[in-house]
Amino acid sequence: MNRMKLVMIGNGMAGVRTLEELRKYAPDLYDITVFGAEPHGNYNRILLSPVLSGEMTLPEIMLNDLDWYRDNEITLHAGKKVIEIDRIHRVVIAEDGTQAEYDRLLIATGSSPFILPVPGKDLPGVISYRDIADTEAMIEAAKSHRHAVVIGAGLLGLEAANGLALRGMDVTVVHLMPWIMERQLDREAADMLQASLEKKGLRFKLEKQTEELVQGGSGRVCAIRFKDGETLPADIVVMAAGIRPNIELARAAGLHCNRGIVVNDTMQTFDPRIYGVGECVEHRGVAYGLVAPLFEQAKVCANHLANFGIGRYQGSVVSTKLKVTGIDVFSAGDFSGTDAEEIVLHDRQGGVYKRILLKDNRIVGSVLYGDTADGSWYFQLMKDRQDVHDVRDHLMFGRNHLGDTGHKGESHAAAMPDSAQVCGCNGVCKGEIVKTIKTHGLFSLDDVRKHTKASSSCGSCTGLVEQILASCVGGAYQPADSRNKPVCGCTDHTHEAVREAIRKNKWLTIPEVQQGMNWLTPNGCASCRPALNYYLISTWPHQAQDDPQSRFINERAHANIQKDGTYSVVPRMWGGLTTPQELRAIADAAEKYNVPTLKVTGGQRIDLLGVRKEDLPRMWSDFAAAGMVSGHAYGKSLRTVKTCVGAEHCRFGTQLSMSMGVKLEKMLFGMWSPHKVKLAVSGCPRNCAEAGIKDVGVIGVDGGYELYVAGNGGIKTEVAQFLCKVPDDDAVLEYSAAFLQLYREEARYLDRTVHYVQRAGLDYIKSRVVDDAASRKALYERLLYAVQDYRDPWAERAAGLDKHEFTPLTLHRRGATTSGQAQPA
């Protein structure tokens, strides 16, 4: 039988998914030729953000590599852009002259970023964010430039901003609308997301219209000017202000186009021999940009290309479940609130927001922030138009079986219908996963990902996929081994392997580690460089080279950056104690440098908020004169030792908690660690200093102290675990220091003590710190050696060290010179 000829224009996720489905239906019906404008196979565009941030590499996001096309007898013209469709002779022509005849043509040309039509849009340094080339351009720019402006606060813009910030750039997000992600979130959820992102160092300019991108002396973009006259420095500008379907080719061929290429329910265009799928098409007046609807289109299109003729695409009810820079958000349906009842749970302090909208006892829309575990359930109820009257009273509290509950051993996956969608990114339902597990005999999450693509994109459905896997194979389920997790996408080596190699080879610099361990990315990334820097200085104190450019901006500036670009300054108050002289120095500094806000912190200190960067060294000099040093409120280091008044004053006190707290804090001053470390000392079991939720908690009792470790008072509160009882102050110092040194030497970078102890086990900790006196003493001495001769970083910078970091930046504009505050890289 002579095969028909199928040509596909475009090599993206929607088009290739159509070919995959077609190969299932009719593997021998067509000779297939694919033209792709990019010189790659098909890759997962959803994962461009992890590539930008350095968490993943290009090979890791490939869905169909070049071998796949060869193995499936598909001719791929990679890097060849089609410029003409000749419908009369049924042939397509690429810009290099390559031609291909077709019996059926599939157009899957996707979309392009919308470029603001403003002066300067074509300057070097102005980048869109849509493909691998854009991502690589941003990575390269981040190596040598400092200020980034991202235009557009949709998902793509926020991910670009986060990735550039993780690569050390000072990032401002500019948005035309009153709140971010306005298409996916309502105002409340958006405000919470913005606040979380601002804590990570991003800055926002909302309701701003761009007037011009300003050219600098080098010919590159150097600033962005708004219509209200405000100007921001910009070494690179990322355009992420929306997308436009690529319809020029189809329109030139005479196909009917509106916003997109118009298709019917069988995904056929005006010409019945020509089909269309993906972001380039418009169906019933709607052009879709999310992956799930595009994959639904692909199934219908493949059905008709295979001559089955029984599938119809009738539009999609879409939901958005995303991780925006690590923060879970979900939305579905209409959440505008018009003529709908609302059920709202809003816990701003806890970082949770849920809003469900109902009409006639049926869900018509929902928005979730922070806790999105039940998003899939709400979405299924909405799609099925189920009456929720009987469950309305507890609707807000969910069914406790979706999202990450699979990690906790809770599974109601068996109760889900086979039609329930599990992976929105790849359009995979439960029934498909179950069938694949049973057909292929799968036992691990990685196997399920390879065969179904479920959980292979944003990862938010991982817990649910694991539940389904466990419910299918029972005790044969093989959970992923987190012990083998590599440091980042730049290497296959684990944190533990890197630490051991640094110790064994006595490497003292980051380049030595990267060369010695064959790092895949020569300069590393924003994930591995801070980790390597910490592993070096913690393994070889006083010898390893501390690389400031591999530290986060707060640690380089020795102050916490705020959302408006100013900084907060927190002087240390040993054990929460202060003096009239120190209070006068704080008051004088606040007045001298026009500090707008002074705040008493939860760690018993005073925070000066709103300090300009160029004022920091002078303020620190004034504090040094008063005998005050850095509080390290910005660092992965010792933060505070909180105390109650103890036996010094309290009639219930059994031990001198203030004195003990001061001793601990002075002993640990200058201690860098995998993450922030907080201690507390309570003078009696009433525990007024909240020692039970600290990394190290000390509670005075009759005859000595009880020591607790691995507590956490953050979003997920963890109660500290009892370590041991010790008789006196000296023992508190020795045991506490030994535990912290063990944590410093063995924990993964960015692990809190609670995560380290969960992985290592409390019995192991006790064996090293409590049971083995020689081990404890050695750990104690190593910590004392690490912090000896530590110099206050504020005093050093007040004396001129790293002067460039605090020098104001001068911007040159056409016809004028303006001075602007130097912002952090």
# chains A, B, ... in the order shown; residues from 1 in each chain; ligands from 1
>>> residues_around(residues="A:Gly242", least_positions_apart="5", cutoff="8 Å", atoms="only C-alpha atoms", output="list in words")
Pro113, Phe114, Gly152 and Gly154 of chain A
>>> select_by_dssp(residues="stretch 246-480 of chain A", states="alpha helix (DSSP H)", output="mmCIF file with N, CA and C atoms, in the first residue's frame")
data_model
loop_
_atom_site.group_PDB
_atom_site.id
_atom_site.type_symbol
_atom_site.label_atom_id
_atom_site.label_comp_id
_atom_site.auth_asym_id
_atom_site.auth_seq_id
_atom_site.Cartn_x
_atom_site.Cartn_y
_atom_site.Cartn_z
ATOM 1 N N GLU A 248 0.871 34.156 10.139
ATOM 2 C CA GLU A 248 1.260 34.819 8.885
ATOM 3 C C GLU A 248 1.350 33.829 7.731
ATOM 4 N N LEU A 249 1.952 32.683 7.974
ATOM 5 C CA LEU A 249 2.115 31.684 6.918
ATOM 6 C C LEU A 249 0.756 31.195 6.416
ATOM 7 N N ALA A 250 -0.145 30.894 7.340
ATOM 8 C CA ALA A 250 -1.474 30.406 6.964
ATOM 9 C C ALA A 250 -2.279 31.492 6.251
ATOM 10 N N ARG A 251 -2.185 32.704 6.742
ATOM 11 C CA ARG A 251 -2.924 33.808 6.116
ATOM 12 C C ARG A 251 -2.427 34.047 4.694
ATOM 13 N N ALA A 252 -1.101 33.982 4.500
ATOM 14 C CA ALA A 252 -0.551 34.176 3.153
ATOM 15 C C ALA A 252 -1.001 33.082 2.200
ATOM 16 N N VAL A 291 -1.117 24.002 28.099
ATOM 17 C CA VAL A 291 -0.744 22.753 27.444
ATOM 18 C C VAL A 291 -1.892 21.758 27.369
ATOM 19 N N ALA A 292 -2.670 21.633 28.435
ATOM 20 C CA ALA A 292 -3.710 20.599 28.472
ATOM 21 C C ALA A 292 -4.698 20.704 27.307
ATOM 22 N N PRO A 293 -5.248 21.888 26.999
ATOM 23 C CA PRO A 293 -6.154 21.968 25.848
ATOM 24 C C PRO A 293 -5.472 21.605 24.530
ATOM 25 N N LEU A 294 -4.201 21.948 24.390
ATOM 26 C CA LEU A 294 -3.485 21.661 23.152
ATOM 27 C C LEU A 294 -3.329 20.155 22.967
ATOM 28 N N PHE A 295 -3.129 19.438 24.063
ATOM 29 C CA PHE A 295 -3.013 17.984 23.960
ATOM 30 C C PHE A 295 -4.369 17.340 23.664
ATOM 31 N N GLU A 296 -5.441 17.940 24.143
ATOM 32 C CA GLU A 296 -6.772 17.446 23.779
ATOM 33 C C GLU A 296 -7.014 17.636 22.286
ATOM 34 N N GLN A 297 -6.577 18.788 21.769
ATOM 35 C CA GLN A 297 -6.676 19.021 20.325
ATOM 36 C C GLN A 297 -5.872 17.975 19.561
ATOM 37 N N ALA A 298 -4.687 17.663 20.071
ATOM 38 C CA ALA A 298 -3.796 16.711 19.393
ATOM 39 C C ALA A 298 -4.461 15.345 19.248
ATOM 40 N N LYS A 299 -5.163 14.888 20.285
ATOM 41 C CA LYS A 299 -5.823 13.585 20.218
ATOM 42 C C LYS A 299 -6.907 13.564 19.142
ATOM 43 N N VAL A 300 -7.697 14.634 19.091
ATOM 44 C CA VAL A 300 -8.774 14.702 18.096
ATOM 45 C C VAL A 300 -8.182 14.778 16.693
ATOM 46 N N CYS A 301 -7.162 15.603 16.517
ATOM 47 C CA CYS A 301 -6.544 15.764 15.205
ATOM 48 C C CYS A 301 -5.957 14.439 14.716
ATOM 49 N N ALA A 302 -5.262 13.726 15.608
ATOM 50 C CA ALA A 302 -4.675 12.444 15.235
ATOM 51 C C ALA A 302 -5.758 11.441 14.850
ATOM 52 N N ASN A 303 -6.873 11.479 15.549
ATOM 53 C CA ASN A 303 -7.985 10.575 15.249
ATOM 54 C C ASN A 303 -8.466 10.760 13.816
ATOM 55 N N HIS A 304 -8.544 12.011 13.378
ATOM 56 C CA HIS A 304 -9.046 12.272 12.020
ATOM 57 C C HIS A 304 -7.970 12.064 10.966
ATOM 58 N N LEU A 305 -6.726 12.385 11.293
ATOM 59 C CA LEU A 305 -5.652 12.085 10.356
ATOM 60 C C LEU A 305 -5.542 10.581 10.118
ATOM 61 N N GLY A 375 -7.134 21.341 44.423
ATOM 62 C CA GLY A 375 -7.490 22.001 43.174
ATOM 63 C C GLY A 375 -8.066 21.050 42.147
ATOM 64 N N SER A 376 -7.466 19.874 42.004
ATOM 65 C CA SER A 376 -7.942 18.905 41.011
ATOM 66 C C SER A 376 -9.348 18.418 41.343
ATOM 67 N N TRP A 377 -9.630 18.295 42.629
ATOM 68 C CA TRP A 377 -10.976 17.872 43.039
ATOM 69 C C TRP A 377 -11.999 18.948 42.675
ATOM 70 N N TYR A 378 -11.695 20.197 43.030
ATOM 71 C CA TYR A 378 -12.612 21.283 42.685
ATOM 72 C C TYR A 378 -12.821 21.359 41.173
ATOM 73 N N PHE A 379 -11.739 21.162 40.429
ATOM 74 C CA PHE A 379 -11.824 21.252 38.975
ATOM 75 C C PHE A 379 -12.709 20.139 38.416
ATOM 76 N N GLN A 380 -12.570 18.930 38.959
ATOM 77 C CA GLN A 380 -13.395 17.815 38.489
ATOM 78 C C GLN A 380 -14.871 18.064 38.816
ATOM 79 N N LEU A 381 -15.128 18.583 40.019
ATOM 80 C CA LEU A 381 -16.507 18.917 40.384
ATOM 81 C C LEU A 381 -17.081 19.955 39.438
ATOM 82 N N MET A 382 -16.263 20.915 39.047
ATOM 83 C CA MET A 382 -16.712 21.969 38.143
ATOM 84 C C MET A 382 -16.961 21.412 36.744
ATOM 85 N N LYS A 383 -16.017 20.597 36.234
ATOM 86 C CA LYS A 383 -16.178 20.023 34.894
ATOM 87 C C LYS A 383 -17.417 19.137 34.808
ATOM 88 N N LYS A 430 -6.238 9.639 35.095
ATOM 89 C CA LYS A 430 -5.886 8.510 35.952
ATOM 90 C C LYS A 430 -5.933 7.186 35.195
ATOM 91 N N GLY A 431 -6.971 6.994 34.369
ATOM 92 C CA GLY A 431 -7.122 5.731 33.666
ATOM 93 C C GLY A 431 -5.934 5.403 32.782
ATOM 94 N N GLU A 432 -5.367 6.429 32.122
ATOM 95 C CA GLU A 432 -4.212 6.209 31.257
ATOM 96 C C GLU A 432 -2.995 5.775 32.074
ATOM 97 N N ILE A 433 -2.831 6.378 33.267
ATOM 98 C CA ILE A 433 -1.701 6.014 34.117
ATOM 99 C C ILE A 433 -1.844 4.578 34.610
ATOM 100 N N VAL A 434 -3.041 4.232 35.069
ATOM 101 C CA VAL A 434 -3.276 2.878 35.579
ATOM 102 C C VAL A 434 -3.043 1.834 34.488
ATOM 103 N N LYS A 435 -3.569 2.096 33.300
ATOM 104 C CA LYS A 435 -3.411 1.146 32.191
ATOM 105 C C LYS A 435 -1.936 0.965 31.842
ATOM 106 N N THR A 436 -1.177 2.073 31.829
ATOM 107 C CA THR A 436 0.242 2.003 31.485
ATOM 108 C C THR A 436 1.026 1.234 32.545
ATOM 109 N N ILE A 437 0.702 1.481 33.806
ATOM 110 C CA ILE A 437 1.390 0.770 34.895
ATOM 111 C C ILE A 437 1.190 -0.728 34.762
ATOM 112 N N LYS A 438 -0.045 -1.136 34.469
ATOM 113 C CA LYS A 438 -0.350 -2.565 34.394
ATOM 114 C C LYS A 438 0.185 -3.187 33.107
ATOM 115 N N THR A 439 0.111 -2.460 32.016
ATOM 116 C CA THR A 439 0.541 -3.006 30.725
ATOM 117 C C THR A 439 2.052 -3.209 30.673
ATOM 118 N N HIS A 440 2.786 -2.217 31.202
ATOM 119 C CA HIS A 440 4.247 -2.253 31.100
ATOM 120 C C HIS A 440 4.930 -2.741 32.372
ATOM 121 N N LEU A 445 8.316 5.973 39.972
ATOM 122 C CA LEU A 445 7.802 7.244 39.460
ATOM 123 C C LEU A 445 8.486 7.602 38.141
ATOM 124 N N ASP A 446 9.799 7.397 38.054
ATOM 125 C CA ASP A 446 10.519 7.722 36.828
ATOM 126 C C ASP A 446 9.976 6.919 35.639
ATOM 127 N N ASP A 447 9.640 5.650 35.889
ATOM 128 C CA ASP A 447 9.076 4.836 34.812
ATOM 129 C C ASP A 447 7.739 5.394 34.333
ATOM 130 N N VAL A 448 6.900 5.802 35.274
ATOM 131 C CA VAL A 448 5.599 6.371 34.904
ATOM 132 C C VAL A 448 5.795 7.660 34.112
ATOM 133 N N ARG A 449 6.746 8.475 34.537
ATOM 134 C CA ARG A 449 7.024 9.721 33.812
ATOM 135 C C ARG A 449 7.449 9.434 32.371
ATOM 136 N N LYS A 450 8.326 8.449 32.190
ATOM 137 C CA LYS A 450 8.836 8.144 30.846
ATOM 138 C C LYS A 450 7.725 7.650 29.930
ATOM 139 N N HIS A 451 6.795 6.864 30.463
ATOM 140 C CA HIS A 451 5.764 6.258 29.607
ATOM 141 C C HIS A 451 4.546 7.150 29.409
ATOM 142 N N THR A 452 4.230 8.009 30.388
ATOM 143 C CA THR A 452 2.997 8.808 30.289
ATOM 144 C C THR A 452 3.236 10.305 30.287
ATOM 145 N N THR A 462 2.986 15.285 41.393
ATOM 146 C CA THR A 462 3.852 14.155 41.729
ATOM 147 C C THR A 462 3.263 13.286 42.833
ATOM 148 N N GLY A 463 2.773 13.920 43.902
ATOM 149 C CA GLY A 463 2.213 13.153 45.007
ATOM 150 C C GLY A 463 1.056 12.276 44.581
ATOM 151 N N LEU A 464 0.197 12.824 43.717
ATOM 152 C CA LEU A 464 -0.965 12.059 43.265
ATOM 153 C C LEU A 464 -0.546 10.894 42.366
ATOM 154 N N VAL A 465 0.433 11.124 41.493
ATOM 155 C CA VAL A 465 0.928 10.046 40.636
ATOM 156 C C VAL A 465 1.518 8.934 41.491
ATOM 157 N N GLU A 466 2.235 9.296 42.544
ATOM 158 C CA GLU A 466 2.804 8.287 43.441
ATOM 159 C C GLU A 466 1.709 7.501 44.149
ATOM 160 N N GLN A 467 0.623 8.172 44.521
ATOM 161 C CA GLN A 467 -0.498 7.461 45.145
ATOM 162 C C GLN A 467 -1.078 6.423 44.196
ATOM 163 N N ILE A 468 -1.292 6.832 42.943
ATOM 164 C CA ILE A 468 -1.863 5.916 41.955
ATOM 165 C C ILE A 468 -0.927 4.729 41.749
ATOM 166 N N LEU A 469 0.367 5.007 41.656
ATOM 167 C CA LEU A 469 1.349 3.945 41.485
ATOM 168 C C LEU A 469 1.317 2.990 42.672
ATOM 169 N N ALA A 470 1.288 3.543 43.881
ATOM 170 C CA ALA A 470 1.270 2.697 45.071
ATOM 171 C C ALA A 470 -0.011 1.879 45.159
ATOM 172 N N SER A 471 -1.147 2.476 44.748
ATOM 173 C CA SER A 471 -2.418 1.749 44.816
ATOM 174 C C SER A 471 -2.475 0.620 43.792
ATOM 175 N N CYS A 472 -1.699 0.744 42.713
ATOM 176 C CA CYS A 472 -1.689 -0.295 41.666
ATOM 177 C C CYS A 472 -0.753 -1.452 42.005
ATOM 178 N N VAL A 473 0.424 -1.148 42.554
ATOM 179 C CA VAL A 473 1.434 -2.197 42.736
ATOM 180 C C VAL A 473 1.697 -2.531 44.189
#
>>> residues_around(residues="A:Thr266", least_positions_apart="2", cutoff="6 Å", atoms="only C-alpha atoms", output="PyMOL selection string")
chain A and resi 264+268+312
>>> write_last_selection(atoms="all heavy atoms", output="PDB file, in the first residue's frame")
ATOM      1  N   ASN A 264     -12.219  23.832  12.825  1.00  0.00           N
ATOM      2  CA  ASN A 264     -13.515  23.322  13.283  1.00  0.00           C
ATOM      3  C   ASN A 264     -13.322  22.264  14.361  1.00  0.00           C
ATOM      4  O   ASN A 264     -12.214  22.087  14.877  1.00  0.00           O
ATOM      5  CB  ASN A 264     -14.315  22.789  12.096  1.00  0.00           C
ATOM      6  CG  ASN A 264     -13.596  21.650  11.370  1.00  0.00           C
ATOM      7  OD1 ASN A 264     -12.682  21.021  11.920  1.00  0.00           O
ATOM      8  ND2 ASN A 264     -13.995  21.375  10.128  1.00  0.00           N
ATOM      9  N   GLN A 268      -9.787  20.808  11.483  1.00  0.00           N
ATOM     10  CA  GLN A 268      -9.502  21.146  10.098  1.00  0.00           C
ATOM     11  C   GLN A 268      -9.662  22.647   9.881  1.00  0.00           C
ATOM     12  O   GLN A 268     -10.522  23.291  10.480  1.00  0.00           O
ATOM     13  CB  GLN A 268     -10.441  20.389   9.147  1.00  0.00           C
ATOM     14  CG  GLN A 268     -10.162  18.896   9.069  1.00  0.00           C
ATOM     15  CD  GLN A 268     -11.250  18.164   8.320  1.00  0.00           C
ATOM     16  OE1 GLN A 268     -12.395  18.157   8.765  1.00  0.00           O
ATOM     17  NE2 GLN A 268     -10.901  17.549   7.188  1.00  0.00           N
ATOM     18  N   ARG A 312     -14.267  14.590  18.265  1.00  0.00           N
ATOM     19  CA  ARG A 312     -14.626  16.002  18.116  1.00  0.00           C
ATOM     20  C   ARG A 312     -14.014  16.790  19.264  1.00  0.00           C
ATOM     21  O   ARG A 312     -14.085  16.369  20.419  1.00  0.00           O
ATOM     22  CB  ARG A 312     -16.143  16.203  18.134  1.00  0.00           C
ATOM     23  CG  ARG A 312     -16.872  15.697  16.923  1.00  0.00           C
ATOM     24  CD  ARG A 312     -18.369  15.985  17.050  1.00  0.00           C
ATOM     25  NE  ARG A 312     -18.625  17.409  17.127  1.00  0.00           N
ATOM     26  CZ  ARG A 312     -19.689  17.958  17.723  1.00  0.00           C
ATOM     27  NH1 ARG A 312     -20.568  17.172  18.334  1.00  0.00           N
ATOM     28  NH2 ARG A 312     -19.860  19.252  17.730  1.00  0.00           N
TER      29      ARG A 312
END
>>> closest_residue(among="A:Pro674, A:Gly54, A:Gly602, A:Pro685", to="A:Phe652", atoms="only C-alpha atoms")
A:Pro685
>>> residues_around(residues="stretch 357-363 of chain A", least_positions_apart="6", cutoff="7 Å", atoms="only C-alpha atoms", output="list in words")
Phe335, Gly337, Ala340, Glu341, Glu342, Ile343, Leu381, Met382, Arg385, Gln386, Asp387, Val388 and His389 of chain A
>>> write_last_selection(atoms="C-alpha atoms", output="compact mmCIF listing (two decimals), in the first residue's frame")
# COMPACT_ATOMS: atom_id res chain seq x y z
CA PHE A 335 -13.56 33.80 39.40
CA GLY A 337 -17.48 36.91 41.15
CA ALA A 340 -21.96 34.02 42.25
CA GLU A 341 -21.81 32.99 45.89
CA GLU A 342 -18.38 32.93 47.46
CA ILE A 343 -16.76 30.72 50.08
CA LEU A 381 -16.51 18.92 40.38
CA MET A 382 -16.71 21.97 38.14
CA ARG A 385 -21.21 20.17 37.06
CA GLN A 386 -21.80 18.16 40.22
CA ASP A 387 -24.23 19.43 42.83
CA VAL A 388 -22.12 20.16 45.93
CA HIS A 389 -24.97 20.91 48.31
>>> select_by_dssp(residues="stretch 148-289 of chain A", states="strand (DSSP E)", output="PyMOL selection string")
chain A and resi 148-151+170-175+203-206+210-215+221-226+231-233+236-239+243-245+261-263+274-276+281-283
>>> atom_distance(atom1="atom CA of A:Tyr353", atom2="atom CA of A:Gly370")
6.7 Å
>>> closest_residue(among="A:Val600, A:Ile107, A:Leu609, A:Val498", to="A:Asp564", atoms="only C-alpha atoms")
A:Leu609
>>> closest_residue(among="A:Ala141, A:Leu801, A:Cys724, A:Leu123", to="A:Leu213", atoms="only C-alpha atoms")
A:Leu123
>>> residues_around(residues="A:Lys592", least_positions_apart="6", cutoff="12 Å", atoms="only C-alpha atoms", output="number ranges by chain")
A: 584-586, 611, 615-616, 618-619, 622
>>> write_last_selection(atoms="N, CA and C atoms", output="PDB file, in the first residue's frame")
ATOM      1  N   ARG A 584      20.438  54.708  72.201  1.00  0.00           N
ATOM      2  CA  ARG A 584      20.705  56.062  71.687  1.00  0.00           C
ATOM      3  C   ARG A 584      21.345  55.996  70.306  1.00  0.00           C
ATOM      4  N   ALA A 585      22.259  55.056  70.113  1.00  0.00           N
ATOM      5  CA  ALA A 585      22.920  54.927  68.812  1.00  0.00           C
ATOM      6  C   ALA A 585      21.903  54.576  67.726  1.00  0.00           C
ATOM      7  N   ILE A 586      20.949  53.706  68.051  1.00  0.00           N
ATOM      8  CA  ILE A 586      19.914  53.350  67.080  1.00  0.00           C
ATOM      9  C   ILE A 586      19.030  54.553  66.774  1.00  0.00           C
ATOM     10  N   VAL A 611      16.675  51.794  54.764  1.00  0.00           N
ATOM     11  CA  VAL A 611      17.991  52.434  54.669  1.00  0.00           C
ATOM     12  C   VAL A 611      18.483  52.356  53.223  1.00  0.00           C
ATOM     13  N   ASP A 615      23.997  54.555  52.178  1.00  0.00           N
ATOM     14  CA  ASP A 615      24.119  54.989  53.574  1.00  0.00           C
ATOM     15  C   ASP A 615      24.586  53.864  54.494  1.00  0.00           C
ATOM     16  N   LEU A 616      24.571  52.611  54.005  1.00  0.00           N
ATOM     17  CA  LEU A 616      24.883  51.483  54.877  1.00  0.00           C
ATOM     18  C   LEU A 616      26.257  51.594  55.536  1.00  0.00           C
ATOM     19  N   ARG A 618      28.155  54.103  56.259  1.00  0.00           N
ATOM     20  CA  ARG A 618      28.220  55.188  57.246  1.00  0.00           C
ATOM     21  C   ARG A 618      27.423  54.829  58.505  1.00  0.00           C
ATOM     22  N   MET A 619      26.269  54.219  58.317  1.00  0.00           N
ATOM     23  CA  MET A 619      25.471  53.805  59.478  1.00  0.00           C
ATOM     24  C   MET A 619      26.224  52.756  60.287  1.00  0.00           C
ATOM     25  N   ASP A 622      28.845  54.287  62.441  1.00  0.00           N
ATOM     26  CA  ASP A 622      28.268  54.879  63.656  1.00  0.00           C
ATOM     27  C   ASP A 622      27.968  53.804  64.690  1.00  0.00           C
TER      28      ASP A 622
END
>>> residues_around(residues="stretch 39-51 of chain A", least_positions_apart="2", cutoff="10 Å", atoms="only C-alpha atoms", output="ChimeraX atom specification")
/A:10-17,36-37,53-69,76-80,129-136,139,156-164,290-291,324-325,425,456-458,489,525
>>> closest_atom_pairs(of="stretch 525-572 of chain A", to="stretch 629-650 of chain A", cutoff="10 Å", atoms="only C-alpha atoms", output="Markdown table")
| residue | atom | partner | partner_atom | distance |
| --- | --- | --- | --- | --- |
| A:Tyr534 | CA | A:Lys636 | CA | 9.4 |
| A:Arg551 | CA | A:Gly635 | CA | 9.5 |
| A:Phe552 | CA | A:Gly635 | CA | 8.7 |
| A:Ile553 | CA | A:Tyr634 | CA | 9.1 |
| A:Asn554 | CA | A:Tyr634 | CA | 5.5 |
| A:Glu555 | CA | A:Gly635 | CA | 5.5 |
| A:Arg556 | CA | A:Gly635 | CA | 9.3 |
| A:Ala557 | CA | A:Tyr634 | CA | 8.8 |
| A:His558 | CA | A:Tyr634 | CA | 6.4 |
| A:Ala559 | CA | A:Tyr634 | CA | 5.5 |
| A:Asn560 | CA | A:Tyr634 | CA | 5.2 |
| A:Ile561 | CA | A:Tyr634 | CA | 8.7 |
| A:Ser568 | CA | A:Ala633 | CA | 8.9 |
| A:Val569 | CA | A:Ala633 | CA | 8.0 |
| A:Val570 | CA | A:Gly631 | CA | 5.5 |
| A:Pro571 | CA | A:Gly631 | CA | 4.7 |
| A:Arg572 | CA | A:Gly631 | CA | 3.9 |
>>> closest_residue(among="A:Gln314, A:Gln194, A:Gln788, A:Asn523", to="A:Lys143", atoms="only C-alpha atoms")
A:Asn523
>>> closest_residue(among="A:Asp730, A:Glu211, A:Ala108, A:Arg503", to="A:Glu279", atoms="only C-alpha atoms")
A:Ala108
